[in-house]
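Structure file structure_17.cif with mmCIF, C-alpha atoms:
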```cif
data_upload
loop_
_atom_site.label_atom_id
_atom_site.label_comp_id
_atom_site.auth_asym_id
_atom_site.auth_seq_id
_atom_site.Cartn_x
_atom_site.Cartn_y
_atom_site.Cartn_z
CA MET T 1 100.48 -33.28 107.39
CA ALA T 2 98.16 -34.56 104.67
CA GLY T 3 96.16 -31.34 104.83
CA SER T 4 99.28 -29.20 104.36
CA LEU T 5 100.37 -31.33 101.39
CA ARG T 6 96.95 -30.93 99.79
CA SER T 7 97.09 -27.18 100.37
CA LEU T 8 100.58 -27.02 98.86
CA SER T 9 99.55 -29.05 95.81
CA LYS T 10 96.76 -26.56 95.11
CA TYR T 11 99.43 -23.98 94.26
CA VAL T 12 102.34 -26.15 93.08
CA VAL T 13 100.44 -28.07 90.40
CA PRO T 14 98.99 -24.99 88.61
CA ALA T 15 102.33 -23.16 88.86
CA ALA T 16 104.23 -26.15 87.46
CA THR T 17 101.70 -26.54 84.64
CA LEU T 18 102.00 -22.86 83.74
CA ALA T 19 105.81 -23.01 83.82
CA ALA T 20 105.80 -26.10 81.58
CA ALA T 21 103.47 -24.37 79.11
CA VAL T 22 105.78 -21.35 78.95
CA VAL T 23 108.82 -23.58 78.33
CA VAL T 24 107.02 -25.47 75.56
CA TRP T 25 105.93 -22.16 74.03
CA GLU T 26 109.52 -20.83 74.08
CA LEU T 27 111.03 -24.01 72.62
CA ALA T 28 108.34 -24.44 69.95
CA SER T 29 108.71 -20.83 68.79
CA ARG T 30 112.49 -21.21 68.47
CA VAL T 31 112.51 -24.67 66.90
CA LEU T 32 109.77 -23.87 64.38
CA ARG T 33 111.27 -20.40 63.79
CA ILE T 34 107.91 -18.67 64.04
CA PRO T 35 108.27 -14.98 63.08
CA LYS T 36 108.10 -12.59 65.98
CA PHE T 37 105.26 -10.58 64.46
CA ILE T 38 103.10 -13.75 64.42
CA MET T 39 103.99 -15.39 67.72
CA PRO T 40 106.71 -13.87 69.92
CA THR T 41 108.54 -16.01 72.45
CA PRO T 42 107.93 -15.50 76.18
CA SER T 43 111.46 -14.13 76.55
CA GLN T 44 110.78 -11.47 73.90
CA ILE T 45 107.53 -10.54 75.64
CA VAL T 46 109.35 -10.17 78.96
CA VAL T 47 112.03 -7.97 77.40
CA GLU T 48 109.42 -5.72 75.78
CA ALA T 49 107.40 -5.54 79.01
CA TRP T 50 110.51 -4.50 80.94
CA GLU T 51 111.27 -1.72 78.45
CA TRP T 52 107.66 -0.51 78.78
CA ARG T 53 107.45 -0.93 82.56
CA TYR T 54 107.01 2.76 83.40
CA ARG T 55 104.52 3.43 80.62
CA PHE T 56 102.62 0.28 81.57
CA ILE T 57 102.03 1.71 85.05
CA ALA T 58 100.20 4.74 83.64
CA HIS T 59 98.18 2.73 81.12
CA SER T 60 97.31 0.06 83.69
CA TRP T 61 96.05 2.67 86.12
CA VAL T 62 93.67 4.07 83.47
CA THR T 63 92.24 0.62 82.68
CA LEU T 64 92.00 -0.22 86.39
CA TYR T 65 90.16 3.03 87.12
CA GLU T 66 87.69 2.41 84.30
CA THR T 67 87.17 -1.20 85.41
CA LEU T 68 86.54 -0.35 89.05
CA GLY T 69 84.29 2.57 88.10
CA GLY T 70 82.12 0.36 85.90
CA PHE T 71 82.11 -2.41 88.52
CA ALA T 72 81.05 -0.05 91.30
CA LEU T 73 78.32 1.44 89.11
CA SER T 74 77.06 -2.06 88.29
CA ILE T 75 76.65 -2.79 92.02
CA VAL T 76 74.92 0.53 92.71
CA VAL T 77 72.45 -0.05 89.86
CA GLY T 78 72.26 -3.85 89.87
CA VAL T 79 71.33 -4.52 93.50
CA PRO T 80 68.33 -2.13 93.58
CA LEU T 81 67.15 -3.51 90.23
CA ALA T 82 67.37 -7.07 91.56
CA THR T 83 65.41 -6.01 94.65
CA LEU T 84 62.68 -4.43 92.53
CA ILE T 85 62.47 -7.54 90.36
CA VAL T 86 62.02 -9.81 93.39
CA TYR T 87 59.63 -7.64 95.41
CA SER T 88 57.39 -6.44 92.59
CA PRO T 89 55.90 -8.85 90.01
CA TRP T 90 54.89 -5.85 87.90
CA MET T 91 58.45 -4.49 87.89
CA ARG T 92 59.74 -7.97 87.08
CA ARG T 93 57.55 -8.13 83.99
CA ALA T 94 58.49 -4.58 83.01
CA LEU T 95 62.24 -4.59 83.71
CA TYR T 96 63.47 -8.13 83.14
CA PRO T 97 62.90 -8.19 79.35
CA LEU T 98 64.61 -4.81 79.03
CA ILE T 99 67.60 -6.02 81.04
CA VAL T 100 67.92 -9.14 78.90
CA LEU T 101 67.57 -7.05 75.73
CA LEU T 102 70.29 -4.67 76.91
CA GLN T 103 72.56 -7.61 77.66
CA ALA T 104 71.92 -9.09 74.21
CA VAL T 105 73.09 -5.95 72.40
CA PRO T 106 76.80 -6.34 71.46
CA LYS T 107 78.79 -3.87 73.53
CA ILE T 108 81.22 -3.36 70.67
CA ALA T 109 78.26 -1.79 68.83
CA VAL T 110 77.20 0.34 71.81
CA ALA T 111 80.65 1.78 72.48
CA PRO T 112 80.84 4.05 69.37
CA VAL T 113 77.39 5.47 70.15
CA LEU T 114 78.44 6.23 73.73
CA LEU T 115 81.56 7.90 72.39
CA LEU T 116 79.39 10.22 70.27
CA VAL T 117 76.88 10.93 73.04
CA ILE T 118 79.15 11.21 76.10
CA GLY T 119 82.37 12.29 74.48
CA TYR T 120 85.97 11.22 74.17
CA GLY T 121 87.00 10.43 77.72
CA GLU T 122 87.10 7.88 80.49
CA THR T 123 83.39 8.24 81.35
CA SER T 124 82.31 6.39 78.21
CA LYS T 125 84.68 3.50 79.06
CA VAL T 126 83.28 3.32 82.60
CA ILE T 127 79.75 3.08 81.19
CA VAL T 128 80.76 0.31 78.75
CA ALA T 129 82.33 -1.60 81.65
CA PHE T 130 79.12 -1.07 83.61
CA LEU T 131 76.92 -2.33 80.75
CA VAL T 132 78.99 -5.51 80.49
CA ALA T 133 79.22 -6.14 84.24
CA PHE T 134 75.80 -5.34 85.67
CA PHE T 135 73.81 -8.26 84.17
CA PRO T 136 75.32 -11.08 86.31
CA ILE T 137 74.91 -8.96 89.43
CA VAL T 138 71.22 -8.38 88.71
CA VAL T 139 70.49 -12.02 87.83
CA ASP T 140 72.49 -13.62 90.65
CA THR T 141 71.28 -11.21 93.32
CA ALA T 142 67.66 -11.62 92.23
CA THR T 143 68.08 -15.39 92.27
CA GLY T 144 69.51 -15.27 95.78
CA LEU T 145 66.80 -12.97 97.09
CA ALA T 146 64.08 -15.19 95.57
CA ALA T 147 65.70 -18.33 97.00
CA THR T 148 65.14 -17.31 100.64
CA PRO T 149 63.43 -20.25 102.41
CA PRO T 150 59.71 -19.52 103.00
CA GLU T 151 60.08 -20.72 106.59
CA LEU T 152 62.45 -17.85 107.37
CA LEU T 153 60.06 -15.35 105.83
CA GLU T 154 57.18 -16.77 107.86
CA LEU T 155 59.33 -16.58 111.00
CA SER T 156 60.19 -12.93 110.36
CA ARG T 157 56.51 -12.13 109.82
CA SER T 158 55.63 -13.90 113.05
CA TYR T 159 58.02 -11.52 114.82
CA ARG T 160 56.25 -8.63 113.04
CA ALA T 161 59.37 -7.60 111.14
CA GLY T 162 58.74 -5.08 108.40
CA ALA T 163 59.77 -5.51 104.77
CA PHE T 164 62.96 -3.47 105.19
CA LYS T 165 64.05 -5.32 108.33
CA THR T 166 63.29 -8.66 106.70
CA PHE T 167 65.39 -7.65 103.71
CA VAL T 168 68.35 -6.54 105.85
CA LYS T 169 68.21 -9.37 108.38
CA VAL T 170 66.96 -12.31 106.31
CA ARG T 171 66.77 -11.94 102.53
CA PHE T 172 70.05 -10.19 101.74
CA PRO T 173 72.22 -12.28 104.11
CA MET T 174 70.75 -15.43 102.57
CA ALA T 175 71.45 -14.04 99.10
CA LEU T 176 75.11 -13.16 99.80
CA PRO T 177 76.56 -16.35 98.21
CA PHE T 178 74.63 -15.59 95.01
CA PHE T 179 75.58 -11.92 95.22
CA PHE T 180 79.30 -12.72 95.43
CA SER T 181 79.00 -15.22 92.59
CA GLY T 182 77.66 -12.37 90.47
CA LEU T 183 80.45 -10.07 91.65
CA LYS T 184 83.14 -12.57 90.66
CA VAL T 185 81.74 -12.83 87.16
CA ALA T 186 81.13 -9.08 86.91
CA ILE T 187 84.65 -7.99 87.90
CA THR T 188 86.24 -9.98 85.08
CA LEU T 189 83.61 -8.77 82.62
CA ALA T 190 84.27 -5.18 83.71
CA VAL T 191 87.89 -5.56 82.58
CA ILE T 192 86.66 -6.71 79.18
CA GLY T 193 84.21 -3.81 78.99
CA ALA T 194 86.90 -1.25 79.78
CA VAL T 195 89.18 -2.68 77.10
CA VAL T 196 86.35 -2.71 74.52
CA GLY T 197 85.75 0.96 75.25
CA GLU T 198 89.46 1.69 74.80
CA PHE T 199 89.47 -0.16 71.48
CA ILE T 200 86.78 2.15 70.10
CA GLY T 201 88.36 5.44 71.04
CA SER T 202 91.13 6.21 73.50
CA ASP T 203 94.69 7.46 73.70
CA LYS T 204 95.54 5.66 76.93
CA GLY T 205 94.87 2.39 78.68
CA LEU T 206 95.97 -1.17 77.97
CA GLY T 207 93.31 -1.57 75.27
CA TYR T 208 94.81 1.39 73.43
CA VAL T 209 98.30 -0.14 73.78
CA ILE T 210 97.09 -3.45 72.30
CA LEU T 211 95.36 -1.70 69.39
CA SER T 212 98.32 0.53 68.56
CA ALA T 213 100.83 -2.32 68.98
CA THR T 214 99.01 -4.61 66.57
CA SER T 215 98.73 -1.73 64.08
CA TYR T 216 102.54 -1.50 64.00
CA TRP T 217 103.06 -5.31 64.13
CA LYS T 218 104.62 -5.08 67.60
CA THR T 219 103.10 -8.38 68.66
CA GLU T 220 105.34 -8.82 71.69
CA LEU T 221 104.02 -5.53 73.12
CA ALA T 222 100.43 -6.61 72.46
CA PHE T 223 101.06 -9.95 74.21
CA ALA T 224 102.66 -8.17 77.17
CA SER T 225 99.60 -5.94 77.47
CA MET T 226 97.24 -8.93 77.29
CA ILE T 227 99.18 -10.77 79.98
CA LEU T 228 99.09 -7.67 82.15
CA LEU T 229 95.32 -7.43 81.62
CA SER T 230 94.97 -11.06 82.66
CA LEU T 231 96.96 -10.39 85.82
CA ILE T 232 94.77 -7.40 86.65
CA ALA T 233 91.62 -9.50 86.16
CA ILE T 234 93.03 -12.32 88.32
CA LEU T 235 94.02 -9.91 91.11
CA LEU T 236 90.60 -8.24 91.08
CA PHE T 237 88.89 -11.65 91.11
CA GLY T 238 91.07 -12.65 94.06
CA ALA T 239 90.18 -9.41 95.86
CA VAL T 240 86.46 -10.19 95.50
CA CYS T 241 87.09 -13.73 96.79
CA LEU T 242 88.97 -12.29 99.77
CA VAL T 243 86.09 -9.95 100.61
CA GLU T 244 83.72 -12.92 100.29
CA ARG T 245 85.77 -14.86 102.84
CA PHE T 246 85.45 -12.02 105.34
CA VAL T 247 81.77 -11.36 104.71
CA CYS T 248 80.70 -15.02 104.33
CA PRO T 249 83.18 -17.05 106.42
CA TRP T 250 80.78 -19.99 106.54
CA LEU T 251 81.36 -20.56 102.80
CA ALA T 252 85.13 -21.07 103.18
CA PRO T 253 85.04 -24.76 104.25
CA ALA T 254 82.80 -25.67 101.32
CA ALA T 255 85.05 -23.81 98.88
CA GLU T 256 88.16 -25.60 100.15
CA GLU T 257 86.76 -29.12 99.67
#
```
Could you write out this structure as structure tokens?
Amino acid sequence: MAGSLRSLSKYVVPAATLAAAVVVWELASRVLRIPKFIMPTPSQIVVEAWEWRYRFIAHSWVTLYETLGGFALSIVVGVPLATLIVYSPWMRRALYPLIVLLQAVPKIAVAPVLLLVIGYGETSKVIVAFLVAFFPIVVDTATGLAATPPELLELSRSYRAGAFKTFVKVRFPMALPFFFSGLKVAITLAVIGAVVGEFIGSDKGLGYVILSATSYWKTELAFASMILLSLIAILLFGAVCLVERFVCPWLAPAAEE
């Protein structure tokens, strides 16, 4: 009984807090008579979102496609890079500074260059999402691979396991918690990267809707787009957590404490 109450409170308390915040927002906007173009009320945002519901589907699909494309590319590139960094000291010295330097460059500055080089299309947005998302995957995966207990490595060598078999059977399974930590950070960053790319140059996507809405002082439409982006990021984060539960079921009890 106590366990079920605790489980229920995990969802009831955040939902009640969010509902209270929305009510306070609505009342404060009406009482203080804040202009709609500065801070729309939640009810105005809902009305605008309902009027845009069909167009939002198309724009959301574009942003989702760009986000998932950049996220997938970050996994394809990030995991091999992390493996090279861990297995080769020379590659670590050669690649790690470059990766940190690439991460330090503001992506809002890279996006216009990509637009000139790659062209006006979704590919440039996918690459911006990739550039934003791949760093946590590289760092967390490399940390997990390097954190494998030496005793397990000695045991695998005693069984004459090769480097590839040791990686598949020992190193990568031990690094999975770190890997999924990187994925959870990367998926939310990929949403940001896709939107940054749409800000620079696009005629579709939720980033484009936000930019065009603020240009015409349609703040309620911009807020509706931002809320929809937040929901997309939360759903994608939850999807990664769900995959983690299936792949690493032994982590579930620790996460629930």
Legend entry - Pick from T:Thr219, T:Ser158, T:Ser181, T:Gln103 nearest to Cys248 (chain T), counting only C-alpha atoms: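 Of T:Thr219, T:Ser158, T:Ser181, T:Gln103, the one nearest Cys248 (chain T) is T:Ser181, counting only C-alpha atoms.
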Inset, instruction - Select, from T:Val12, T:Val132, T:Ala233, T:Leu228, the residue with the minimum atom-to-atom distance to Ala49 (chain T), counting only C-alpha atoms. - result: T:Leu228
Legend entry - Phe237 (chain T) surroundings by only C-alpha atoms, 8 Å radius, close-in-sequence under 6 positions cut, as a PyMOL selection string: chain T and resi 184+187-188
Inset, instruction - Calculate how many Å separate CA of Val76 (chain T) from CA of Val247 (chain T), rounding to one decimal. - result: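 Calculated distance between CA of Val76 (chain T) and CA of Val247 (chain T) is 18.2 Å.
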Inset, instruction - For the file shown, report as a PyMOL selection string the outcome of the PyMOL selection byres ((chain T and resi 83) around 10) at residue level. - result: chain T and resi 78-82+84-88+91-92+138+141-142+145-146+167+171-172
Legend entry - Among the residues T:Val126, T:Leu114, T:Val195, T:Leu176, the one that comes closest to Val243 (chain T) [using only C-alpha atoms]: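 Closest residue, counting only C-alpha atoms: T:Leu176.
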Legend entry - Separation of CA of Val100 (chain T) from CA of Val139 (chain T), in Å and rounded to one decimal: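 Between these atoms lies a distance of 9.7 Å.
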Inset, instruction - Using the chain letters and numbers from the file, give me the residues hit by the PyMOL selection byres ((chain T and resi 220) around 9), as a VMD selection string. - result: chain T and resid 36 to 37 39 to 42 44 to 49 213 217 to 219 221 to 225
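If you count only C-alpha atoms and ignore residues fewer than 2 places along the chain from Thr67 (chain T), what sits within 7 Å of it is Thr63, Leu64, Tyr65, Gly69, Gly70, Phe71, Val126, Ala129, Ala190, Val191 and Ala194 of chain T.
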Go ahead and dump the residues you just picked, C-alpha atoms, as a compact mmCIF listing (two decimals), in the coordinates of the input.
```txt
# COMPACT_ATOMS: atom_id res chain seq x y z
CA THR T 63 92.24 0.62 82.68
CA LEU T 64 92.00 -0.22 86.39
CA TYR T 65 90.16 3.03 87.12
CA GLY T 69 84.29 2.57 88.10
CA GLY T 70 82.12 0.36 85.90
CA PHE T 71 82.11 -2.41 88.52
CA VAL T 126 83.28 3.32 82.60
CA ALA T 129 82.33 -1.60 81.65
CA ALA T 190 84.27 -5.18 83.71
CA VAL T 191 87.89 -5.56 82.58
CA ALA T 194 86.90 -1.25 79.78
```
Inset, instruction - Find the residues near Lys125 (chain T): any atom within 7 Å, counting only C-alpha atoms, skip ones fewer than 6 places away on the same chain, and give them as a ChimeraX atom specification. - result: /T:66,194,197-198
Inset, instruction - Could you tell me which of T:Tyr216, T:Tyr208, T:Phe164, T:Phe135 comes closest to Leu183 (chain T) if we count all atoms listed in the file? - result: T:Phe135
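Between CA of Val168 (chain T) and CA of Phe246 (chain T) there is a distance of 18.0 Å.
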Can you turn the PyMOL selection byres ((chain T and resi 120) around 12) into a concrete residue list for this file, as a PDB file with C-alpha atoms, keeping the file's coordinate frame?
```
ATOM      1  CA  ALA T 111      80.650   1.780  72.480  1.00  0.00           C
ATOM      2  CA  PRO T 112      80.840   4.050  69.370  1.00  0.00           C
ATOM      3  CA  VAL T 113      77.390   5.470  70.150  1.00  0.00           C
ATOM      4  CA  LEU T 114      78.440   6.230  73.730  1.00  0.00           C
ATOM      5  CA  LEU T 115      81.560   7.900  72.390  1.00  0.00           C
ATOM      6  CA  LEU T 116      79.390  10.220  70.270  1.00  0.00           C
ATOM      7  CA  VAL T 117      76.880  10.930  73.040  1.00  0.00           C
ATOM      8  CA  ILE T 118      79.150  11.210  76.100  1.00  0.00           C
ATOM      9  CA  GLY T 119      82.370  12.290  74.480  1.00  0.00           C
ATOM     10  CA  GLY T 121      87.000  10.430  77.720  1.00  0.00           C
ATOM     11  CA  GLU T 122      87.100   7.880  80.490  1.00  0.00           C
ATOM     12  CA  THR T 123      83.390   8.240  81.350  1.00  0.00           C
ATOM     13  CA  SER T 124      82.310   6.390  78.210  1.00  0.00           C
ATOM     14  CA  LYS T 125      84.680   3.500  79.060  1.00  0.00           C
ATOM     15  CA  VAL T 126      83.280   3.320  82.600  1.00  0.00           C
ATOM     16  CA  GLY T 197      85.750   0.960  75.250  1.00  0.00           C
ATOM     17  CA  GLU T 198      89.460   1.690  74.800  1.00  0.00           C
ATOM     18  CA  ILE T 200      86.780   2.150  70.100  1.00  0.00           C
ATOM     19  CA  GLY T 201      88.360   5.440  71.040  1.00  0.00           C
ATOM     20  CA  SER T 202      91.130   6.210  73.500  1.00  0.00           C
ATOM     21  CA  ASP T 203      94.690   7.460  73.700  1.00  0.00           C
ATOM     22  CA  LYS T 204      95.540   5.660  76.930  1.00  0.00           C
TER      23      LYS T 204
END
```
Legend entry - From T:Leu231, T:Met226, T:Leu242, T:Ala16, residue lying nearest Phe180 (chain T) [only C-alpha atoms]: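 Among the listed residues, the smallest separation from Phe180 (chain T) belongs to T:Leu242.
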